[in-house]
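Data block for query_31.txt (compact mmCIF, C-alpha atoms):
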```txt
# COMPACT_ATOMS: atom_id res chain seq x y z
CA MET A 1 12.00 -28.25 -19.56
CA ALA A 2 8.72 -27.14 -17.95
CA PRO A 3 8.70 -23.93 -15.88
CA THR A 4 8.99 -24.55 -12.14
CA ASN A 5 7.38 -21.31 -10.91
CA LYS A 6 3.96 -19.74 -11.26
CA VAL A 7 2.67 -16.32 -10.17
CA CYS A 8 -0.79 -15.42 -8.95
CA ILE A 9 -2.15 -12.04 -7.87
CA LEU A 10 -4.71 -11.66 -5.10
CA GLY A 11 -6.53 -8.40 -5.72
CA SER A 12 -7.67 -6.62 -8.87
CA GLY A 13 -8.25 -3.02 -7.91
CA ASN A 14 -6.35 -0.09 -9.35
CA TRP A 15 -2.96 -1.18 -7.97
CA GLY A 16 -3.53 -4.92 -8.40
CA SER A 17 -4.45 -4.48 -12.06
CA THR A 18 -1.39 -2.29 -12.61
CA ALA A 19 0.82 -4.95 -11.02
CA ALA A 20 -0.78 -7.52 -13.32
CA ARG A 21 0.27 -5.48 -16.38
CA ILE A 22 3.88 -5.52 -15.21
CA ILE A 23 4.05 -9.13 -14.07
CA GLY A 24 2.12 -10.48 -17.05
CA SER A 25 4.64 -8.85 -19.36
CA ASN A 26 7.70 -9.89 -17.36
CA VAL A 27 6.89 -13.60 -16.91
CA SER A 28 6.84 -14.05 -20.67
CA LYS A 29 10.58 -13.24 -20.59
CA LEU A 30 11.42 -15.49 -17.60
CA PRO A 31 11.92 -19.14 -18.62
CA ASP A 32 11.55 -20.40 -15.03
CA PHE A 33 8.00 -19.01 -14.81
CA ASP A 34 4.76 -20.31 -16.29
CA ASN A 35 3.35 -17.83 -18.80
CA THR A 36 -0.13 -17.74 -17.24
CA VAL A 37 -0.74 -15.30 -14.39
CA LYS A 38 -4.00 -15.83 -12.53
CA ILE A 39 -5.54 -12.79 -10.83
CA TRP A 40 -8.25 -13.16 -8.23
CA VAL A 41 -11.14 -10.79 -8.92
CA PHE A 42 -13.93 -10.02 -6.47
CA ASP A 43 -16.63 -10.51 -9.06
CA GLU A 44 -19.00 -7.66 -9.77
CA ILE A 45 -21.63 -7.07 -12.42
CA ILE A 46 -20.65 -4.24 -14.75
CA ASN A 47 -23.16 -3.32 -17.48
CA GLY A 48 -24.80 -6.71 -17.09
CA LYS A 49 -21.54 -8.70 -17.34
CA LYS A 50 -19.28 -10.28 -14.77
CA LEU A 51 -16.06 -8.35 -14.25
CA THR A 52 -14.05 -11.58 -14.63
CA ASP A 53 -15.60 -12.22 -18.03
CA ILE A 54 -14.90 -8.65 -19.12
CA ILE A 55 -11.25 -8.93 -18.11
CA ASN A 56 -10.83 -12.29 -19.84
CA THR A 57 -12.47 -11.18 -23.09
CA GLN A 58 -11.58 -7.48 -23.34
CA HIS A 59 -8.29 -7.79 -21.40
CA GLU A 60 -9.07 -4.66 -19.45
CA ASN A 61 -10.32 -3.93 -15.94
CA ILE A 62 -12.86 -1.38 -17.08
CA LYS A 63 -13.91 -0.48 -13.51
CA TYR A 64 -10.60 -0.03 -11.69
CA LEU A 65 -8.05 0.55 -14.48
CA PRO A 66 -9.99 1.74 -17.53
CA GLY A 67 -8.12 2.56 -20.68
CA HIS A 68 -5.16 0.24 -20.01
CA LYS A 69 -5.00 -3.21 -21.58
CA LEU A 70 -3.83 -6.20 -19.57
CA PRO A 71 -1.56 -8.80 -21.17
CA THR A 72 -3.54 -11.68 -22.63
CA ASN A 73 -1.74 -14.14 -20.33
CA VAL A 74 -3.39 -12.53 -17.28
CA VAL A 75 -6.44 -14.67 -16.45
CA ALA A 76 -9.14 -13.47 -14.06
CA VAL A 77 -10.70 -15.99 -11.68
CA PRO A 78 -13.45 -15.33 -9.10
CA ASP A 79 -12.20 -17.90 -6.57
CA ALA A 80 -9.10 -17.04 -4.51
CA ALA A 81 -8.39 -20.70 -3.74
CA GLU A 82 -8.36 -21.45 -7.47
CA ALA A 83 -6.05 -18.51 -8.08
CA VAL A 84 -3.38 -19.75 -5.64
CA LYS A 85 -3.52 -23.36 -6.85
CA ASP A 86 0.03 -24.41 -7.83
CA ALA A 87 1.32 -20.84 -7.39
CA THR A 88 4.88 -20.52 -6.09
CA HIS A 89 4.82 -16.70 -5.94
CA ILE A 90 1.76 -14.98 -4.50
CA VAL A 91 1.25 -11.23 -4.85
CA VAL A 92 -1.18 -9.86 -2.25
CA VAL A 93 -2.72 -6.48 -3.04
CA ILE A 94 -6.06 -5.81 -1.33
CA PRO A 95 -7.20 -3.23 1.25
CA HIS A 96 -5.66 -4.17 4.58
CA GLN A 97 -8.97 -4.45 6.44
CA TYR A 98 -9.90 -7.47 4.29
CA ILE A 99 -6.63 -9.38 4.54
CA GLN A 100 -7.52 -11.91 7.25
CA ASN A 101 -10.74 -13.05 5.58
CA LEU A 102 -8.88 -13.55 2.31
CA LEU A 103 -6.08 -15.52 3.95
CA ASP A 104 -8.56 -17.73 5.80
CA SER A 105 -10.20 -18.57 2.47
CA ILE A 106 -6.92 -19.88 0.99
CA HIS A 107 -5.47 -21.46 4.13
CA GLY A 108 -4.45 -25.04 3.36
CA ARG A 109 -4.55 -24.39 -0.41
CA VAL A 110 -1.09 -22.81 -0.72
CA LEU A 111 1.99 -24.81 -1.75
CA PRO A 112 4.40 -25.40 1.16
CA ASN A 113 7.28 -24.00 -0.90
CA ALA A 114 5.35 -20.88 -1.97
CA ARG A 115 6.35 -17.35 -1.02
CA ALA A 116 4.42 -14.13 -1.03
CA ILE A 117 4.92 -10.40 -1.40
CA SER A 118 2.61 -7.79 0.08
CA LEU A 119 1.77 -4.66 -1.93
CA ILE A 120 -0.68 -3.55 0.77
CA LYS A 121 -0.16 -0.03 2.09
CA GLY A 122 -1.56 -0.60 5.54
CA ILE A 123 -0.63 -2.00 8.93
CA ALA A 124 -2.68 -3.10 11.91
CA ILE A 125 -1.94 -0.94 14.94
CA SER A 126 -3.66 -1.62 18.25
CA ASN A 127 -3.14 -0.71 21.90
CA HIS A 128 -0.59 -3.53 22.04
CA GLY A 129 1.62 -2.47 19.13
CA MET A 130 2.03 -2.96 15.40
CA THR A 131 1.27 -5.96 13.21
CA THR A 132 2.33 -5.70 9.59
CA MET A 133 0.68 -7.34 6.61
CA THR A 134 3.74 -9.56 6.05
CA GLN A 135 3.48 -10.78 9.63
CA ILE A 136 -0.23 -11.54 9.23
CA ILE A 137 0.38 -13.39 5.94
CA HIS A 138 3.30 -15.36 7.39
CA ARG A 139 1.36 -16.24 10.55
CA THR A 140 -1.62 -17.56 8.55
CA LEU A 141 0.08 -19.24 5.59
CA ALA A 142 3.48 -20.16 7.15
CA ILE A 143 5.46 -19.03 4.09
CA PRO A 144 8.18 -16.36 3.62
CA VAL A 145 6.79 -12.91 2.84
CA ALA A 146 8.42 -9.83 1.30
CA SER A 147 6.96 -6.32 0.89
CA LEU A 148 6.83 -3.77 -1.93
CA SER A 149 6.04 -0.09 -1.55
CA GLY A 150 7.09 3.19 -3.11
CA ALA A 151 6.11 6.44 -4.75
CA ASN A 152 3.73 4.51 -6.96
CA ILE A 153 0.53 6.12 -8.17
CA ALA A 154 -1.02 3.26 -10.11
CA ASN A 155 -2.41 5.19 -13.06
CA GLU A 156 0.96 6.83 -13.77
CA ILE A 157 2.65 3.41 -13.71
CA ALA A 158 -0.01 2.04 -16.05
CA GLU A 159 0.89 4.91 -18.39
CA GLU A 160 4.53 3.73 -18.09
CA LYS A 161 5.81 6.98 -16.63
CA TYR A 162 9.20 6.48 -14.96
CA CYS A 163 9.19 5.84 -11.22
CA GLU A 164 10.92 3.81 -8.50
CA THR A 165 9.78 1.34 -5.86
CA THR A 166 11.28 -0.53 -2.92
CA ILE A 167 11.16 -4.24 -2.17
CA GLY A 168 11.87 -5.34 1.38
CA CYS A 169 13.06 -8.95 1.46
CA SER A 170 15.21 -10.66 4.08
CA GLU A 171 16.46 -13.34 1.67
CA PRO A 172 18.89 -11.91 -0.93
CA ASP A 173 18.33 -14.69 -3.49
CA GLU A 174 14.56 -14.34 -3.26
CA ALA A 175 14.84 -10.56 -3.54
CA ILE A 176 16.46 -11.06 -6.96
CA VAL A 177 13.50 -13.18 -8.08
CA TRP A 178 10.93 -10.65 -6.91
CA ARG A 179 12.87 -7.89 -8.62
CA SER A 180 12.81 -9.83 -11.90
CA LEU A 181 9.01 -10.02 -11.70
CA PHE A 182 8.51 -6.29 -11.11
CA ASN A 183 11.45 -4.40 -12.59
CA THR A 184 10.97 -2.67 -15.95
CA PRO A 185 12.66 0.26 -17.69
CA TYR A 186 9.92 2.55 -16.35
CA PHE A 187 9.40 0.84 -12.94
CA GLN A 188 12.79 0.65 -11.26
CA VAL A 189 13.08 -1.63 -8.23
CA ASN A 190 15.57 -1.29 -5.38
CA CYS A 191 15.82 -4.04 -2.75
CA VAL A 192 16.52 -3.63 0.97
CA SER A 193 16.43 -6.13 3.81
CA ASP A 194 14.13 -4.02 6.02
CA VAL A 195 10.80 -5.73 5.30
CA ILE A 196 8.90 -4.12 8.17
CA GLY A 197 10.32 -0.66 7.47
CA VAL A 198 9.10 -0.75 3.86
CA GLU A 199 5.59 -1.62 5.06
CA PHE A 200 5.61 0.92 7.86
CA CYS A 201 6.50 3.77 5.51
CA GLY A 202 3.87 2.69 3.00
CA ALA A 203 1.13 2.79 5.62
CA LEU A 204 2.02 5.89 7.63
CA LYS A 205 2.52 8.17 4.62
CA ASN A 206 -1.21 7.87 3.96
CA VAL A 207 -1.92 9.60 7.27
CA VAL A 208 0.40 12.45 6.28
CA ALA A 209 -1.40 12.64 2.93
CA VAL A 210 -4.71 13.16 4.73
CA GLY A 211 -3.14 16.15 6.47
CA ALA A 212 -1.88 17.49 3.15
CA GLY A 213 -5.38 17.12 1.69
CA PHE A 214 -6.81 19.18 4.53
CA ILE A 215 -4.34 21.94 3.66
CA ASP A 216 -5.39 21.82 0.00
CA GLY A 217 -9.05 21.89 1.00
CA MET A 218 -8.43 25.07 3.00
CA GLY A 219 -6.49 26.59 0.09
CA LEU A 220 -3.47 27.45 2.22
CA GLY A 221 -0.73 26.99 -0.38
CA ASN A 222 2.57 25.20 -0.85
CA ASN A 223 4.51 26.66 2.09
CA THR A 224 1.93 25.39 4.57
CA LYS A 225 1.67 22.06 2.82
CA ALA A 226 5.46 21.61 2.87
CA ALA A 227 5.48 22.26 6.62
CA ILE A 228 2.80 19.61 7.20
CA ILE A 229 4.72 17.12 5.03
CA ARG A 230 7.96 17.74 6.95
CA ILE A 231 6.33 17.39 10.37
CA GLY A 232 4.41 14.30 9.23
CA PHE A 233 7.57 12.66 7.92
CA LEU A 234 9.33 13.26 11.23
CA GLU A 235 6.36 11.91 13.19
CA MET A 236 6.54 8.79 11.03
CA ARG A 237 10.19 8.32 12.03
CA ARG A 238 9.42 9.00 15.69
CA LEU A 239 6.60 6.45 15.71
CA ALA A 240 8.89 3.92 14.02
CA MET A 241 11.36 4.27 16.88
CA HIS A 242 8.73 3.96 19.57
CA ILE A 243 6.73 1.11 18.11
CA SER A 244 9.53 -1.11 16.79
CA GLY A 245 12.86 -0.02 18.27
CA ALA A 246 15.77 -0.83 15.95
CA ARG A 247 13.73 -3.18 13.72
CA ILE A 248 12.89 -0.30 11.38
CA GLN A 249 16.04 1.27 9.96
CA ASP A 250 16.48 4.97 9.28
CA ALA A 251 17.91 4.50 5.78
CA THR A 252 14.62 2.94 4.69
CA PHE A 253 12.98 6.33 5.08
CA MET A 254 15.23 7.64 2.29
CA GLU A 255 14.11 4.94 -0.16
CA SER A 256 11.22 5.31 -2.58
CA CYS A 257 8.95 3.71 0.03
CA GLY A 258 9.78 6.55 2.44
CA LEU A 259 10.39 10.18 1.55
CA ALA A 260 9.52 9.82 -2.15
CA ASP A 261 6.21 8.13 -1.38
CA VAL A 262 5.31 10.79 1.18
CA ILE A 263 5.90 13.52 -1.42
CA THR A 264 3.99 11.91 -4.28
CA THR A 265 1.05 10.86 -2.09
CA CYS A 266 0.74 14.32 -0.58
CA TYR A 267 0.56 15.89 -4.04
CA GLY A 268 -1.12 13.31 -6.25
CA GLY A 269 -2.56 10.44 -4.21
CA ARG A 270 -6.17 9.48 -3.62
CA ASN A 271 -5.91 9.89 0.17
CA ARG A 272 -4.99 13.53 -0.39
CA ARG A 273 -7.85 13.98 -2.83
CA LEU A 274 -10.37 12.43 -0.44
CA ALA A 275 -9.20 14.64 2.45
CA GLU A 276 -9.46 17.75 0.27
CA GLU A 277 -13.05 16.89 -0.65
CA PHE A 278 -13.78 16.15 3.02
CA VAL A 279 -12.95 19.79 3.79
CA LEU A 280 -14.69 21.24 0.74
CA THR A 281 -17.94 19.26 1.02
CA GLY A 282 -18.23 18.24 4.67
CA LYS A 283 -19.22 14.73 3.55
CA PRO A 284 -18.00 11.71 5.57
CA MET A 285 -15.04 9.72 4.24
CA PRO A 286 -17.01 6.50 3.42
CA GLN A 287 -19.49 8.51 1.33
CA LEU A 288 -16.65 10.18 -0.57
CA GLU A 289 -15.05 6.78 -1.24
CA GLN A 290 -18.28 5.64 -2.84
CA GLU A 291 -18.77 8.82 -4.89
CA LEU A 292 -15.19 9.43 -6.03
CA LEU A 293 -13.54 6.00 -6.08
CA ASN A 294 -16.27 3.53 -7.08
CA GLY A 295 -16.34 2.32 -3.47
CA GLN A 296 -12.64 1.45 -3.28
CA LYS A 297 -11.38 1.70 0.29
CA LEU A 298 -8.50 4.01 1.18
CA GLN A 299 -6.12 3.52 4.08
CA GLY A 300 -5.31 7.04 5.28
CA TYR A 301 -8.14 7.86 7.63
CA LEU A 302 -8.41 4.23 8.81
CA THR A 303 -4.71 4.13 9.68
CA ALA A 304 -5.07 7.52 11.41
CA GLY A 305 -7.60 5.89 13.73
CA GLU A 306 -5.34 2.93 14.45
CA VAL A 307 -2.33 5.16 15.08
CA HIS A 308 -4.30 7.31 17.51
CA SER A 309 -5.47 4.24 19.41
CA TYR A 310 -1.86 3.20 19.95
CA ILE A 311 -0.33 6.57 20.85
CA ASP A 312 -3.25 7.47 23.11
CA SER A 313 -3.17 4.18 25.04
CA SER A 314 0.63 4.47 25.31
CA GLY A 315 0.36 7.96 26.78
CA ILE A 316 2.49 9.53 24.06
CA ALA A 317 -0.09 11.44 22.01
CA ASP A 318 1.52 14.74 23.03
CA HIS A 319 4.62 13.69 21.07
CA PHE A 320 2.54 13.28 17.88
CA PRO A 321 0.51 16.49 17.57
CA LEU A 322 -0.02 16.24 13.82
CA PHE A 323 -1.23 12.64 13.88
CA THR A 324 -3.45 13.51 16.86
CA ASN A 325 -4.94 16.52 15.07
CA ILE A 326 -5.61 14.55 11.88
CA TYR A 327 -7.46 11.94 13.94
CA SER A 328 -9.52 14.61 15.70
CA ILE A 329 -10.55 16.19 12.40
CA CYS A 330 -11.48 12.83 10.84
CA TYR A 331 -13.30 11.29 13.79
CA GLN A 332 -14.22 13.96 16.35
CA GLY A 333 -15.58 16.72 14.15
CA LYS A 334 -12.79 19.19 14.88
CA ALA A 335 -12.38 22.05 12.41
CA PRO A 336 -9.71 21.52 9.73
CA ARG A 337 -7.77 24.58 10.98
CA THR A 338 -7.07 22.76 14.27
CA ILE A 339 -4.47 20.77 12.32
CA PHE A 340 -1.93 23.42 13.40
CA ASP A 341 -2.57 23.10 17.15
CA GLY A 342 0.60 22.27 19.09
CA LEU A 343 2.87 21.66 16.09
CA ASN A 344 5.97 23.30 17.64
CA VAL A 345 7.76 20.00 18.36
CA ASP A 346 11.51 19.35 18.74
CA PHE A 347 12.63 16.37 16.63
CA SER A 348 16.37 17.08 16.96
CA ARG A 349 17.14 14.11 19.21
CA ASP A 350 15.25 11.51 17.19
CA THR A 351 17.67 8.87 15.81
CA ILE A 352 17.38 5.39 14.35
CA THR A 353 20.03 2.89 13.28
CA PRO A 354 21.17 2.59 9.63
CA SER A 355 19.82 -0.08 7.29
CA PRO A 356 21.86 -2.34 4.97
CA VAL A 357 20.93 -2.47 1.29
CA LEU A 358 20.98 -5.78 -0.58
```

For this file, write the structure as structure tokens.
Amino acid sequence: MAPTNKVCILGSGNWGSTAARIIGSNVSKLPDFDNTVKIWVFDEIINGKKLTDIINTQHENIKYLPGHKLPTNVVAVPDAAEAVKDATHIVVVIPHQYIQNLLDSIHGRVLPNARAISLIKGIAISNHGMTTMTQIIHRTLAIPVASLSGANIANEIAEEKYCETTIGCSEPDEAIVWRSLFNTPYFQVNCVSDVIGVEFCGALKNVVAVGAGFIDGMGLGNNTKAAIIRIGFLEMRRLAMHISGARIQDATFMESCGLADVITTCYGGRNRRLAEEFVLTGKPMPQLEQELLNGQKLQGYLTAGEVHSYIDSSGIADHFPLFTNIYSICYQGKAPRTIFDGLNVDFSRDTITPSPVL
């Protein structure tokens, strides 16, 4: 009997290529899934060759995940519409600022019974509120969308070092399918029903990581860094309450997508590294992205700008001194040491409702 499901991956950066290693291996053990996994690659010329050709012949993304082989059943294609053709399960993993253009390019090409999962650690926050990546994908493609986020530094996962992640999926049966595609002995998946909460944590922790990077750049040590992490985590929870009410559940913050991701990103993530170099060199963030990350876009300072736009227009910036200070350092030229201004905030009355686990 022929397989009834097929996976495609939209995005081939560091995290997308790591996801392809996991999924490519897992589908070969799942009889309901086609063995071929197409991955959409924004084609670039590397040493005179197209990146898609390199991936398909060398089975390695030498630009964004060098030194780690991809399964031979992972096939790179330069056309997103071709990648999603006949796919029942679509994994979306690109920088959040490019999501709408990508979705517009595949609109009308996606199977009506398809479903998607977002691995994007970003949300769109404006003066009017929050729009998550799952909401944008669902609105454009009219298919169910789950989310995945956690304490997941891609290179460590590619090296098969043990870690956890969180899948947010409102449909229990579909959560089981997504888990089967991602779960491995070294990449342990827990499923919750709080789709938006998983996304929210994954985006906001990057802002906290920028603050942690500023501390590292100033050489202020672990005590100071721990204080910034704690305050940032509590500001994340406070913003969740204000921006979404009871839709984001407090228990989600204790999952890998919450507290664990904040910790790992503030000690080992690229947003932290970029913020540290920002302090040490004085160079602007976009220049550092080009120099340190081969031009890959990070979410931390971008999300900091979006968060500030919302809290400032809502008249609540005084309740988020750390997020406000991080914005001012990134965008207004304030000195890094102003990160401590006004941080004596009382969080004792902040509460959110509990979240069920699937």

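When the distance limit is 12 Å and all atoms listed in the file are what count, the residues near Gly108 in chain A, minus those fewer than 6 positions from it on the same chain, are Ala81, Val84, Lys85, Ala114, Thr140, Leu141, Ala142 and Ile143 of chain A.
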
Mind pulling up the distance from CA of Lys334 in chain A to CA of Leu220 in chain A?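 A separation of 17.8 Å between them.
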
Could you check how far CA of Thr72 in chain A sits from CA of Ala19 in chain A, in Å to one decimal?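 For CA of Thr72 in chain A relative to CA of Ala19 in chain A, the distance reads 14.1 Å.
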
Within 6 Å of (12.9, 2.2, -10.1) in the file's own coordinates, which protein, DNA or RNA residues have an atom, counting all atoms listed in the file? List them as a CSV table (one decimal) with C-alpha atoms, in the frame of the given file.
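So the final result, stored in part-v5.csv, reads:
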```
chain,number,residue,atom,x,y,z
A,163,CYS,CA,9.2,5.8,-11.2
A,164,GLU,CA,10.9,3.8,-8.5
A,165,THR,CA,9.8,1.3,-5.9
A,187,PHE,CA,9.4,0.8,-12.9
A,188,GLN,CA,12.8,0.6,-11.3
A,189,VAL,CA,13.1,-1.6,-8.2
```

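For Ile22 in chain A, the list of residues within 10 Å, based on only C-alpha atoms and with local chain neighbours fewer than 6 positions off taken out, reads Leu70, Pro71, Ile157, Ala158, Glu160, Leu181, Phe182, Asn183, Thr184 and Phe187 of chain A.
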
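Coordinates place CA of Ile90 in chain A at a distance of 13.2 Å from CA of Thr36 in chain A.
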
Counting only C-alpha atoms, figure out which residue out of A:Tyr186, A:Tyr267, A:Tyr162, A:Trp40 gets nearest to Asn222 in chain A.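 For Asn222 in chain A, the nearest of the candidates is A:Tyr267.
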
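Considering the residues A:Glu289, A:Asp173, A:Asp341, A:Glu235 and counting all atoms listed in the file, Arg273 in chain A has its shortest atom-to-atom contact with A:Glu289.
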
Any idea what's packed within 12 Å of Asn325 in chain A, counting all atoms listed in the file, ignoring anything in its chain fewer than 3 positions away? Could you give it as a PyMOL selection string? chain A and resi 207-208+210-211+214+228+232+301+304-305+307-308+317-322+328-343

Go ahead and write the residues just picked, C-alpha atoms, as a short mmCIF file (atom, residue, chain, number, x, y, z; two decimals), in the coordinates of the input.
```
data_model
loop_
_atom_site.label_atom_id
_atom_site.label_comp_id
_atom_site.auth_asym_id
_atom_site.auth_seq_id
_atom_site.Cartn_x
_atom_site.Cartn_y
_atom_site.Cartn_z
CA VAL A 207 -1.92 9.60 7.27
CA VAL A 208 0.40 12.45 6.28
CA VAL A 210 -4.71 13.16 4.73
CA GLY A 211 -3.14 16.15 6.47
CA PHE A 214 -6.81 19.18 4.53
CA ILE A 228 2.80 19.61 7.20
CA GLY A 232 4.41 14.30 9.23
CA TYR A 301 -8.14 7.86 7.63
CA ALA A 304 -5.07 7.52 11.41
CA GLY A 305 -7.60 5.89 13.73
CA VAL A 307 -2.33 5.16 15.08
CA HIS A 308 -4.30 7.31 17.51
CA ALA A 317 -0.09 11.44 22.01
CA ASP A 318 1.52 14.74 23.03
CA HIS A 319 4.62 13.69 21.07
CA PHE A 320 2.54 13.28 17.88
CA PRO A 321 0.51 16.49 17.57
CA LEU A 322 -0.02 16.24 13.82
CA SER A 328 -9.52 14.61 15.70
CA ILE A 329 -10.55 16.19 12.40
CA CYS A 330 -11.48 12.83 10.84
CA TYR A 331 -13.30 11.29 13.79
CA GLN A 332 -14.22 13.96 16.35
CA GLY A 333 -15.58 16.72 14.15
CA LYS A 334 -12.79 19.19 14.88
CA ALA A 335 -12.38 22.05 12.41
CA PRO A 336 -9.71 21.52 9.73
CA ARG A 337 -7.77 24.58 10.98
CA THR A 338 -7.07 22.76 14.27
CA ILE A 339 -4.47 20.77 12.32
CA PHE A 340 -1.93 23.42 13.40
CA ASP A 341 -2.57 23.10 17.15
CA GLY A 342 0.60 22.27 19.09
CA LEU A 343 2.87 21.66 16.09
#
```

Mind checking which residues fall within 7 Å of Ser126 in chain A, counting only C-alpha atoms, ignoring those fewer than 6 positions away in the same chain, and posting them as JSON, numbers by chain? {"A": [306, 309, 310]}

Go ahead and write the residues just picked, C-alpha atoms, as a CSV table (one decimal), keeping the file's coordinate frame.
```csv
chain,number,residue,atom,x,y,z
A,306,GLU,CA,-5.3,2.9,14.4
A,309,SER,CA,-5.5,4.2,19.4
A,310,TYR,CA,-1.9,3.2,20.0
```

Given only C-alpha atoms as the counted atoms, nearest of A:Ala203, A:Leu30, A:Ala154, A:Leu280 to Thr131 in chain A: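 Closest candidate: A:Ala203.
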
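Using all atoms listed in the file, the nearest neighbour of Gly150 in chain A within the list A:Gly129, A:Gly315, A:Gly202, A:Pro185 is A:Gly202.
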